Structures are given as C-alpha cells and as structure tokens.
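Source file: upload25.pdb. Holds: PDB, C-alpha atoms, pLDDT in the B column.
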```
ATOM      1  CA  MET A  22    -132.887 106.024  61.170  1.00 79.00           C
ATOM      2  CA  TYR A  23    -135.261 106.668  64.024  1.00 88.00           C
ATOM      3  CA  PRO A  24    -137.260 109.460  62.359  1.00 91.00           C
ATOM      4  CA  ARG A  25    -137.705 107.222  59.313  1.00 94.00           C
ATOM      5  CA  ILE A  26    -139.402 104.433  61.226  1.00 96.00           C
ATOM      6  CA  ARG A  27    -141.659 106.974  62.916  1.00 96.00           C
ATOM      7  CA  ASP A  28    -142.519 108.650  59.603  1.00 96.00           C
ATOM      8  CA  LEU A  29    -143.274 105.322  57.921  1.00 96.00           C
ATOM      9  CA  ARG A  30    -145.523 104.310  60.816  1.00 96.00           C
ATOM     10  CA  GLU A  31    -147.345 107.637  60.662  1.00 97.00           C
ATOM     11  CA  ASP A  32    -147.741 107.275  56.866  1.00 95.00           C
ATOM     12  CA  LYS A  33    -149.783 104.139  57.630  1.00 96.00           C
ATOM     13  CA  ASP A  34    -151.833 106.081  60.206  1.00 97.00           C
ATOM     14  CA  TRP A  35    -150.761 103.539  62.818  1.00 97.00           C
ATOM     15  CA  ASN A  36    -150.084 104.387  66.431  1.00 98.00           C
ATOM     16  CA  GLN A  37    -147.150 102.909  68.322  1.00 97.00           C
ATOM     17  CA  THR A  38    -149.404 100.329  69.957  1.00 98.00           C
ATOM     18  CA  LYS A  39    -150.519  98.926  66.606  1.00 98.00           C
ATOM     19  CA  MET A  40    -146.949  98.788  65.302  1.00 98.00           C
ATOM     20  CA  ALA A  41    -145.743  97.125  68.483  1.00 98.00           C
ATOM     21  CA  LYS A  42    -148.478  94.505  68.161  1.00 97.00           C
ATOM     22  CA  GLN A  43    -147.360  93.751  64.590  1.00 96.00           C
ATOM     23  CA  LEU A  44    -143.839  93.216  65.929  1.00 97.00           C
ATOM     24  CA  GLY A  45    -145.009  91.137  68.902  1.00 97.00           C
ATOM     25  CA  MET A  46    -143.691  93.535  71.505  1.00 97.00           C
ATOM     26  CA  SER A  47    -144.824  96.192  73.966  1.00 97.00           C
ATOM     27  CA  GLN A  48    -145.596  99.769  72.976  1.00 97.00           C
ATOM     28  CA  THR A  49    -142.945 100.971  75.420  1.00 97.00           C
ATOM     29  CA  GLY A  50    -140.294  98.784  73.797  1.00 97.00           C
ATOM     30  CA  TYR A  51    -141.222 100.000  70.330  1.00 97.00           C
ATOM     31  CA  SER A  52    -141.253 103.629  71.489  1.00 97.00           C
ATOM     32  CA  LYS A  53    -137.636 103.272  72.592  1.00 96.00           C
ATOM     33  CA  TYR A  54    -136.717 102.308  69.016  1.00 96.00           C
ATOM     34  CA  GLU A  55    -138.360 105.443  67.627  1.00 95.00           C
ATOM     35  CA  THR A  56    -136.600 107.712  70.100  1.00 94.00           C
ATOM     36  CA  GLY A  57    -133.241 105.996  69.650  1.00 93.00           C
ATOM     37  CA  GLU A  58    -133.084 105.030  73.309  1.00 95.00           C
ATOM     38  CA  ASN A  59    -132.617 101.382  72.254  1.00 95.00           C
ATOM     39  CA  ASP A  60    -130.880 100.047  69.160  1.00 94.00           C
ATOM     40  CA  ILE A  61    -133.087  98.069  66.802  1.00 96.00           C
ATOM     41  CA  PRO A  62    -132.125  94.382  66.616  1.00 96.00           C
ATOM     42  CA  THR A  63    -131.475  93.032  63.129  1.00 96.00           C
ATOM     43  CA  GLN A  64    -134.546  90.777  63.147  1.00 97.00           C
ATOM     44  CA  VAL A  65    -136.810  93.688  64.109  1.00 97.00           C
ATOM     45  CA  LEU A  66    -135.206  95.849  61.416  1.00 96.00           C
ATOM     46  CA  ILE A  67    -136.004  93.168  58.843  1.00 96.00           C
ATOM     47  CA  GLN A  68    -139.593  92.918  60.107  1.00 97.00           C
ATOM     48  CA  LEU A  69    -139.981  96.704  59.857  1.00 97.00           C
ATOM     49  CA  ALA A  70    -138.684  96.675  56.289  1.00 95.00           C
ATOM     50  CA  LYS A  71    -141.205  93.972  55.358  1.00 95.00           C
ATOM     51  CA  ILE A  72    -144.106  95.759  57.066  1.00 95.00           C
ATOM     52  CA  HIS A  73    -143.300  99.019  55.295  1.00 95.00           C
ATOM     53  CA  GLY A  74    -142.365  97.478  51.949  1.00 94.00           C
ATOM     54  CA  THR A  75    -138.935  99.052  51.949  1.00 95.00           C
ATOM     55  CA  GLY A  76    -135.345  97.959  52.276  1.00 94.00           C
ATOM     56  CA  THR A  77    -133.240  97.918  55.393  1.00 94.00           C
ATOM     57  CA  ASP A  78    -130.813 100.311  53.670  1.00 93.00           C
ATOM     58  CA  TYR A  79    -133.578 102.923  53.588  1.00 95.00           C
ATOM     59  CA  LEU A  80    -134.407 102.379  57.258  1.00 95.00           C
ATOM     60  CA  LEU A  81    -130.730 102.723  58.157  1.00 93.00           C
ATOM     61  CA  GLY A  82    -130.395 105.952  56.184  1.00 92.00           C
ATOM     62  CA  LEU A  83    -127.940 104.477  53.665  1.00 93.00           C
ATOM     63  CA  THR A  84    -130.183 105.377  50.726  1.00 92.00           C
ATOM     64  CA  ASN A  85    -133.131 107.633  50.048  1.00 92.00           C
ATOM     65  CA  GLU A  86    -134.703 105.007  47.787  1.00 90.00           C
ATOM     66  CA  ARG A  87    -137.720 103.652  49.652  1.00 87.00           C
ATOM     67  CA  ARG A  88    -138.209 100.575  47.480  1.00 83.00           C
ATOM     68  CA  PRO A  89    -136.124  97.489  48.235  1.00 76.00           C
ATOM     69  CA  TYR A  90    -133.694  96.172  45.681  1.00 65.00           C
ATOM     70  CA  PRO A  91    -135.325  93.888  43.055  1.00 60.00           C
TER
END
```

Just give me the structure of the file as structure tokens.
Amino acid sequence: MYPRIRDLREDKDWNQTKMAKQLGMSQTGYSKYETGENDIPTQVLIQLAKIHGTGTDYLLGLTNERRPYP
C-alpha cells in the first residue's frame, strides 16, 4: 500500500508537503504513512482515494484497477 500512495503523489508532481497540506496534517506525519511507519487511518485513506480519483481497494493493494467502482 505504501508505495502506491507515494507513486500516486509523484504522478501528480506533488511533494509530501503539498500532499500533507491537502490532508490537513504535517509533512512528517504524512511521510510516516508513505514509509509504513504509521498505519493510515480510515478517514485519511478515504481522503487519499478522493484526491487521487481511485478506490480504497487500489490503495490497499486489493486490486490493480485504479478507477473506483461505479
């Protein structure tokens, strides 16, 4: 899961600071999600899915389909 959120962020050409700002958190806190040091809370996972236009199943590695279910 963690490489996926990093890859999606990099696809947007966003740095961790910009992503953290979108989530209303610190860059350090967000960085710990990308490295797997901290688990991602459900509400943050949902926010990430919305920001990236994907489903939570993709972020969790349960599917390789990037688009959310219709």

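Put simply, the PyMOL selection byres ((chain A and resi 29) around 12) on this file hits Met22, Tyr23, Pro24, Arg25, Ile26, Arg27, Asp28, Arg30, Glu31, Asp32, Lys33, Asp34, Trp35, Asn36, Gln37, Met40, Glu55, Leu69, Ala70, Lys71, Ile72, His73, Gly74, Thr75, Tyr79, Leu80 and Arg87 of chain A.
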
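Taking atom CA of A:Thr38 and atom CA of A:Ser52 as endpoints, the distance between them is 8.9 Å.
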
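For the pair atom CA of A:Gly50 and atom CA of A:Leu83, the interatomic distance is 24.3 Å.
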
What is the atom CA of A:Pro62-atom CA of A:Ala41 distance in Å, reported with one decimal? 14.0 Å

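You can rank A:Ile61, A:Thr77, A:Gln68, A:Arg88 by their closest distance to A:Gly45 using only C-alpha atoms, and at the top of that list sits A:Gln68.
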